[in-house]
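Student: This is the structure I have questions about; it appears just below.
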Amino acid sequence: MRKTIIVTLFLALLLGISSAVSAAQEVEIALLYPLSGPLTEAGKRMKAVYEVAAEVINGSYDIQGIPYAKTEGIPGLNGAKIKLEFYDTQGSPEVGKAETERILQKGTAKLIIGAYQSAVSKPTSFVAERHKFPYLCGVSSSAALTERGLKYFFRVAPTDFHDSRMFLNFLEDMRKKGKRVKRVAMAYEKTEFGVHAMKEVKKRIQEYGGTYKLVADVPYQFKSTDVHAEVLKIKAAKPDVIIHATLFSEMTLFAKTYEDLGVKVNANLSFCGGYQNPRFAEQLKDTVEGYMGSCTFAEDFILKKAHLKAINDMYKAKTGMNLDGISMEGFTTLFVAADAFSRAKATDSESVTKALRTTELEITTLPGKGVKFAENGQNIWISSTVSQIQNGEYKVVWPAEWATTEMVWPMRP
Amino acid sequence: MDPTIIFQLIISGLLIGLIFSLIAVGLTLIWGVMDILNFAHGDFLMLAMFSSLLMFTGLGIDPLFSLPITVGLLFLVGLATFRLVIKPVLGYSGLTALVATFGLSVLIRNVILFFLGPNFRLINQSILAGKRISFMGLYLSLPELFSAIGCVLITYAVYLLISKSKFGRALRATALDKDTALLMGINTNRVFALTFGLGAACVGAAGGFLVNFYYVFPEVGMVFVIMSFVIVALGGFGNIGGAFLAGILVGLVENIGGFLIGPEFKYTLVFILYLIVISLRPKGLFGW
């Protein structure tokens, strides 16, 4: 009997040791995304892309221009594997905050990645900052997020500052070619994302003096049942160009209502959001032919960067869809995390934050050189392009060095 | 202001208002007769939309033709809900039924999410899709026009059924006093079951219409159901004509008010209207 007890205790000890070893070989990253509620679709797509990124980092893949693909696991941590733990924000800032507190109380995660909507990234990153815990933001675009003086917050994606500057540069280019672009209307959801995008567009328009005129400023409620009042307000202003900061659900409503109410403009430009979702072009077909928007990745990019096909194929096998800009920004974000852990050679908050601050990751997934954070935590090596839906596909049409296809202008005859 | 814009706002308000009306008619029927607030009403709408969508994508049946099947299916869903969820809690506090329908709502949404995924889907190749009539600078989207006409006809049919038929008399008697109705030989459980079925069929029809021009996803019901609660209260609990007119009123306030004051305030305006009405007439515009 005593012998049995001793053997049992010995085995239990052995099991404990072996699990401690396996735990040491994993680095847990907590990911905050909307996995239920109205933004479930976006959240699940993000979940899929992070899983693909973890697969590439943890396995060995021969993909050119992607560091940490060939090696297995995180080299600086003796090949430790990345373990993803997803937390559901339900698209709500309050739930997001509570989930962040839970992550921090649990204490197993070494980094937080989040949170899709700017309105959720904002409070959740505040919670992380209070705990001096590193927070890597994948895709939220409100420039205000990196204007808060936070020390533990870093963002990979371009902001609405970058996109608004690109849009105005694009319009200026069109204007110089003799196109009519003076009258600009803007429709945006009344959230952190939309309101800040609007402010940035307003600032850029002011910078050009009287060259452009904002003829309609149309905010709307997220989760609208219809957008006729909004579209009629835009139609009454007779704009040449409409700019949207709109998520998928309302973007489909706007597109259908523009068509139903006979709204004709030269260009319909979108910040990241609904426009980028490949289902937008796939499902609305002719209705959205010629729509344009900011784009950090579309299948079209593979024509210029053939090695990205392997990643797109992995994602497509998982979701049945091509990668879009937002997903590729998420993909890149996990590599930034792997790079920080690898260089830090440790997983404590201060070492990881210090490593993130000194990131200079050359990676060819997005337009631009890769990822390097400014003092405010914003990636300064990122750039963006303008894509256009042509025959149901996203084609890069501007600037010239990225363009694969001629632009159709005006978007409607 | 351009008069065509005003007319367009009125037309658009009427079209969406009529859809709201039909959704609210189903809700008010159940509420009026059984004093039960059906939290799963929005999910019934979502089920109807998915039913039409799946018949379109799987069997190639246009939503126009699958409408009777969808309505029939939702009628059965209503009956099943009564038998399995409502009947066991009848006679207990109203809160019990409310919590039961809330649980049902969560269950339906998650089952759909599990089997059909979270994606937004749209029918863009149906017979009516993308078609419109235009005259004197005004535009009428055919899917919305067809839906609005359908909503008027169905609401009128429900009104006739309740005000003229024998079943309608039984239903009204049950709504007024369940115990007395029982003493008069009315099978109140049967009336309740049919009322639940009828309420679900109404929202089924609304879903069958809506799918022609609105996206479908597991949470779509939540977008409409809040507005339906307001419409039911605004029109008067259990009053079909009230729900019908309140739906139109909400559609018009949303569109015209949203245009004049600001689209970001269009729902605020609806709720202000609601607060004004219930402070002046606590039983709603047509309640008694």
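FYI, nothing fancy with the structure tokens labels: chains A, B, ... in order, residues from 1 per chain, ligands from 1 as they appear.
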So that I can see what lies close to region 107-114 of chain B, please list as a PyMOL selection string the residues with an atom at most 12 Å from it, counting only C-alpha atoms and leaving out residues fewer than 2 positions away in the same chain.
Tutor: (chain A and resi 35-38+40-41+44) or (chain B and resi 39-51+77+81+85+100-105+116-120+216-222)
Student: I need the chosen residues saved as a tab-separated table (two decimals), in the first residue's frame, with N, CA and C atoms.
Tutor:
```
chain	number	residue	atom	x	y	z
A	35	LEU	N	-16.65	38.29	-30.45
A	35	LEU	CA	-16.96	36.94	-30.94
A	35	LEU	C	-18.44	36.60	-30.82
A	36	SER	N	-19.21	37.54	-30.30
A	36	SER	CA	-20.67	37.41	-30.34
A	36	SER	C	-21.21	38.83	-30.49
A	37	GLY	N	-22.52	38.94	-30.75
A	37	GLY	CA	-23.10	40.26	-30.97
A	37	GLY	C	-23.03	40.66	-32.43
A	38	PRO	N	-23.38	41.91	-32.73
A	38	PRO	CA	-23.50	42.32	-34.14
A	38	PRO	C	-22.19	42.27	-34.93
A	40	THR	N	-19.92	39.81	-34.72
A	40	THR	CA	-19.36	38.45	-34.64
A	40	THR	C	-18.59	38.08	-35.89
A	41	GLU	N	-19.15	38.45	-37.04
A	41	GLU	CA	-18.51	38.05	-38.30
A	41	GLU	C	-17.09	38.58	-38.36
A	44	LYS	N	-14.84	36.78	-35.80
A	44	LYS	CA	-14.46	35.41	-36.18
A	44	LYS	C	-13.42	35.42	-37.30
B	39	PHE	N	-39.81	38.11	-25.99
B	39	PHE	CA	-38.46	38.60	-26.28
B	39	PHE	C	-37.85	37.92	-27.50
B	40	ALA	N	-38.41	36.76	-27.88
B	40	ALA	CA	-37.85	36.04	-29.03
B	40	ALA	C	-38.45	36.53	-30.35
B	41	HIS	N	-39.27	37.57	-30.30
B	41	HIS	CA	-39.94	38.05	-31.51
B	41	HIS	C	-38.93	38.42	-32.61
B	42	GLY	N	-37.89	39.13	-32.22
B	42	GLY	CA	-36.85	39.51	-33.18
B	42	GLY	C	-36.16	38.28	-33.77
B	43	ASP	N	-36.04	37.24	-32.95
B	43	ASP	CA	-35.39	36.02	-33.45
B	43	ASP	C	-36.31	35.25	-34.40
B	44	PHE	N	-37.62	35.39	-34.20
B	44	PHE	CA	-38.57	34.82	-35.17
B	44	PHE	C	-38.37	35.52	-36.53
B	45	LEU	N	-38.17	36.84	-36.46
B	45	LEU	CA	-37.92	37.60	-37.69
B	45	LEU	C	-36.67	37.07	-38.39
B	46	MET	N	-35.63	36.86	-37.59
B	46	MET	CA	-34.37	36.35	-38.14
B	46	MET	C	-34.57	34.95	-38.74
B	47	LEU	N	-35.34	34.10	-38.04
B	47	LEU	CA	-35.60	32.75	-38.56
B	47	LEU	C	-36.32	32.82	-39.91
B	48	ALA	N	-37.27	33.73	-40.01
B	48	ALA	CA	-38.02	33.88	-41.26
B	48	ALA	C	-37.09	34.32	-42.39
B	49	MET	N	-36.20	35.26	-42.07
B	49	MET	CA	-35.28	35.76	-43.10
B	49	MET	C	-34.33	34.64	-43.54
B	50	PHE	N	-33.83	33.88	-42.55
B	50	PHE	CA	-32.94	32.77	-42.91
B	50	PHE	C	-33.69	31.70	-43.70
B	51	SER	N	-34.95	31.47	-43.35
B	51	SER	CA	-35.75	30.46	-44.07
B	51	SER	C	-35.85	30.87	-45.55
B	77	VAL	N	-43.52	27.42	-35.85
B	77	VAL	CA	-42.54	27.80	-34.81
B	77	VAL	C	-43.29	28.43	-33.63
B	81	THR	N	-43.44	27.03	-29.94
B	81	THR	CA	-42.98	27.87	-28.82
B	81	THR	C	-44.02	27.87	-27.71
B	85	VAL	N	-42.56	26.19	-24.56
B	85	VAL	CA	-41.95	27.22	-23.70
B	85	VAL	C	-43.00	27.98	-22.88
B	100	ALA	N	-38.52	33.18	-19.86
B	100	ALA	CA	-38.54	32.00	-20.74
B	100	ALA	C	-38.33	32.42	-22.20
B	101	THR	N	-39.01	33.49	-22.63
B	101	THR	CA	-38.84	33.92	-24.04
B	101	THR	C	-37.45	34.51	-24.24
B	102	PHE	N	-36.92	35.12	-23.19
B	102	PHE	CA	-35.55	35.65	-23.30
B	102	PHE	C	-34.57	34.50	-23.51
B	103	GLY	N	-34.77	33.44	-22.74
B	103	GLY	CA	-33.92	32.25	-22.88
B	103	GLY	C	-34.05	31.65	-24.27
B	104	LEU	N	-35.29	31.62	-24.75
B	104	LEU	CA	-35.53	31.08	-26.10
B	104	LEU	C	-34.79	31.91	-27.15
B	105	SER	N	-34.84	33.23	-26.94
B	105	SER	CA	-34.18	34.15	-27.87
B	105	SER	C	-32.68	33.85	-27.95
B	116	LEU	N	-25.17	28.16	-38.95
B	116	LEU	CA	-25.08	28.96	-40.19
B	116	LEU	C	-23.98	30.02	-40.14
B	117	GLY	N	-23.35	30.19	-38.99
B	117	GLY	CA	-22.23	31.12	-38.90
B	117	GLY	C	-22.68	32.56	-38.73
B	118	PRO	N	-21.72	33.45	-38.44
B	118	PRO	CA	-22.07	34.83	-38.13
B	118	PRO	C	-22.16	35.76	-39.34
B	119	ASN	N	-21.88	35.23	-40.52
B	119	ASN	CA	-21.74	36.11	-41.69
B	119	ASN	C	-23.01	36.85	-42.08
B	120	PHE	N	-22.79	38.03	-42.62
B	120	PHE	CA	-23.90	38.80	-43.20
B	120	PHE	C	-24.17	38.23	-44.60
B	216	VAL	N	-29.06	39.62	-43.89
B	216	VAL	CA	-29.46	38.63	-42.89
B	216	VAL	C	-28.23	38.22	-42.09
B	217	PHE	N	-28.36	38.19	-40.80
B	217	PHE	CA	-27.32	37.63	-39.93
B	217	PHE	C	-27.97	37.29	-38.60
B	218	PRO	N	-27.33	36.48	-37.76
B	218	PRO	CA	-28.04	35.98	-36.57
B	218	PRO	C	-28.57	37.05	-35.63
B	219	GLU	N	-28.01	38.26	-35.69
B	219	GLU	CA	-28.45	39.30	-34.76
B	219	GLU	C	-29.45	40.26	-35.39
B	220	VAL	N	-29.88	39.98	-36.62
B	220	VAL	CA	-30.69	40.97	-37.34
B	220	VAL	C	-31.98	41.31	-36.60
B	221	GLY	N	-32.56	40.35	-35.91
B	221	GLY	CA	-33.82	40.59	-35.20
B	221	GLY	C	-33.71	41.68	-34.16
B	222	MET	N	-32.54	41.74	-33.51
B	222	MET	CA	-32.35	42.71	-32.44
B	222	MET	C	-32.43	44.14	-32.97
```
Student: List the neighbours of Ser92 (chain A) out to 12 Å using only C-alpha atoms; skip same-chain residues closer than 3 positions along the sequence, and give me the result as a list in words.
Tutor: Leu32, Tyr33, Pro34, Leu35, Ser36, Gly37, Pro38, Leu39, Thr40, Asp88, Thr89, Val95, Gly96, Lys97, Ala98, Glu99, Ala115, Tyr116, Gln117, Ser118, Ala119, Val120, Ser121, Lys122, Pro123, Thr124 and Thr191 of chain A
Student: Using C-alpha atoms, can you export the residues from the last selection as a short mmCIF file (atom, residue, chain, number, x, y, z; two decimals), in the first residue's frame?
Tutor:
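As written to disk, again_11.cif reads:
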```
data_model
loop_
_atom_site.label_atom_id
_atom_site.label_comp_id
_atom_site.auth_asym_id
_atom_site.auth_seq_id
_atom_site.Cartn_x
_atom_site.Cartn_y
_atom_site.Cartn_z
CA LEU A 32 -9.87 40.72 -27.28
CA TYR A 33 -12.34 40.53 -30.17
CA PRO A 34 -16.11 40.65 -30.70
CA LEU A 35 -16.96 36.94 -30.94
CA SER A 36 -20.67 37.41 -30.34
CA GLY A 37 -23.10 40.26 -30.97
CA PRO A 38 -23.50 42.32 -34.14
CA LEU A 39 -19.77 42.22 -34.99
CA THR A 40 -19.36 38.45 -34.64
CA ASP A 88 -15.20 37.99 -26.27
CA THR A 89 -15.86 41.74 -26.04
CA VAL A 95 -17.61 44.03 -21.64
CA GLY A 96 -14.18 44.64 -23.19
CA LYS A 97 -13.02 46.38 -20.01
CA ALA A 98 -14.31 43.56 -17.81
CA GLU A 99 -12.60 40.98 -20.01
CA ALA A 115 -9.82 44.98 -29.98
CA TYR A 116 -11.22 45.66 -33.52
CA GLN A 117 -13.40 48.70 -32.77
CA SER A 118 -11.60 51.88 -31.70
CA ALA A 119 -14.35 52.40 -29.12
CA VAL A 120 -13.36 49.12 -27.43
CA SER A 121 -9.60 49.44 -27.95
CA LYS A 122 -9.67 52.78 -26.14
CA PRO A 123 -10.98 51.70 -22.70
CA THR A 124 -9.39 48.24 -22.77
CA THR A 191 -18.64 55.97 -32.69
#
```
Student: Let's see if you can do this: from backbone DSSP, list all helix (DSSP H, G or I) residues in region 212-277 of chain B, as a PyMOL selection string.
Tutor: chain B and resi 220-235+240-261+263-277
Student: Distance table requested - chain B against chain A, cut-off 6 Å, only C-alpha atoms: one row per qualifying residue with the closest atom pair and its distance in Å to one decimal, ordered by chain and rising residue number, as JSON lines.
Tutor:
```
{"residue": "B:Pro118", "atom": "CA", "partner": "A:Glu41", "partner_atom": "CA", "distance": 4.8}
{"residue": "B:Asn119", "atom": "CA", "partner": "A:Glu41", "partner_atom": "CA", "distance": 5.1}
{"residue": "B:Tyr139", "atom": "CA", "partner": "A:Leu261", "partner_atom": "CA", "distance": 5.4}
{"residue": "B:Ser141", "atom": "CA", "partner": "A:Asp260", "partner_atom": "CA", "distance": 5.5}
{"residue": "B:Glu219", "atom": "CA", "partner": "A:Pro38", "partner_atom": "CA", "distance": 5.8}
{"residue": "B:Asn255", "atom": "CA", "partner": "A:Ala229", "partner_atom": "CA", "distance": 4.9}
{"residue": "B:Gly258", "atom": "CA", "partner": "A:Ala229", "partner_atom": "CA", "distance": 5.8}
{"residue": "B:Phe259", "atom": "CA", "partner": "A:Ala229", "partner_atom": "CA", "distance": 5.0}
{"residue": "B:Pro263", "atom": "CA", "partner": "A:Tyr220", "partner_atom": "CA", "distance": 5.4}
{"residue": "B:Glu264", "atom": "CA", "partner": "A:Tyr220", "partner_atom": "CA", "distance": 4.3}
```
Student: Residues near Ser126 (chain B), anyone? I mean within 8 Å using only C-alpha atoms, not counting same-chain ones fewer than 2 positions away, as a PyMOL selection string.
Tutor: chain B and resi 62-63+123-124+128-129+212
Student: Point out the residue among A:Gln25, A:Ser141, A:Thr246, A:Thr359 with the least atom-to-atom distance to Asp160 (chain A), counting only C-alpha atoms.
Tutor: A:Ser141
Student: CA of Lys151 (chain A) and CA of Thr385 (chain A) are how many Å apart?
Tutor: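 About the pair CA of Lys151 (chain A) and CA of Thr385 (chain A): they are 29.3 Å apart.
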Student: Skipping near chain neighbours, those fewer than 3 positions away, what residues fall within 9 Å of region 158-169 of chain B using only C-alpha atoms, listed as a PyMOL selection string?
Tutor: chain B and resi 25+153-155+172-174+191+198+202+240-241
Student: Write out as a list of chain:residue names which residues come within 7 Å of region 100-109 of chain A when counting only C-alpha atoms, dropping same-chain ones fewer than 6 positions away.
Tutor: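 Listing them by chain and then by number gives A:Glu28, A:Ile29, A:Ala30, A:Thr124, A:Val127.
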Student: Would you save the residues from that selection as a short mmCIF file (atom, residue, chain, number, x, y, z; two decimals), in the first residue's frame, using C-alpha atoms?
Tutor:
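File written: selection-v5.cif
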```cif
data_model
loop_
_atom_site.label_atom_id
_atom_site.label_comp_id
_atom_site.auth_asym_id
_atom_site.auth_seq_id
_atom_site.Cartn_x
_atom_site.Cartn_y
_atom_site.Cartn_z
CA GLU A 28 0.10 32.95 -23.96
CA ILE A 29 -1.32 35.95 -25.78
CA ALA A 30 -4.79 37.23 -24.87
CA THR A 124 -9.39 48.24 -22.77
CA VAL A 127 -7.04 49.18 -18.25
#
```
Student: When you look at region 70-84 of chain A with a cut-off of 8 Å (counting only C-alpha atoms), what residues show up, excluding the ones that are within fewer than 5 positions of it in the same chain? I need them as a list of chain:residue names.
Tutor: A:Ala24, A:Gln25, A:Glu26, A:Val27, A:Glu28, A:Ile29, A:Ala30, A:Leu31, A:Glu51, A:Ala54, A:Ile57, A:Asn58, A:Gly59, A:Ser60, A:Tyr61, A:Asp62, A:Ile63, A:Ala338, A:Asp339, A:Phe341, A:Ser342, A:Arg343, A:Ala344, A:Lys345, A:Ala346
Student: Quick one: residues within 8 Å of region 174-187 of chain A, only C-alpha atoms counted, chain neighbours fewer than 6 positions away excluded, as a PyMOL selection string?
Tutor: chain A and resi 198+211-220+230+234+237-246+266
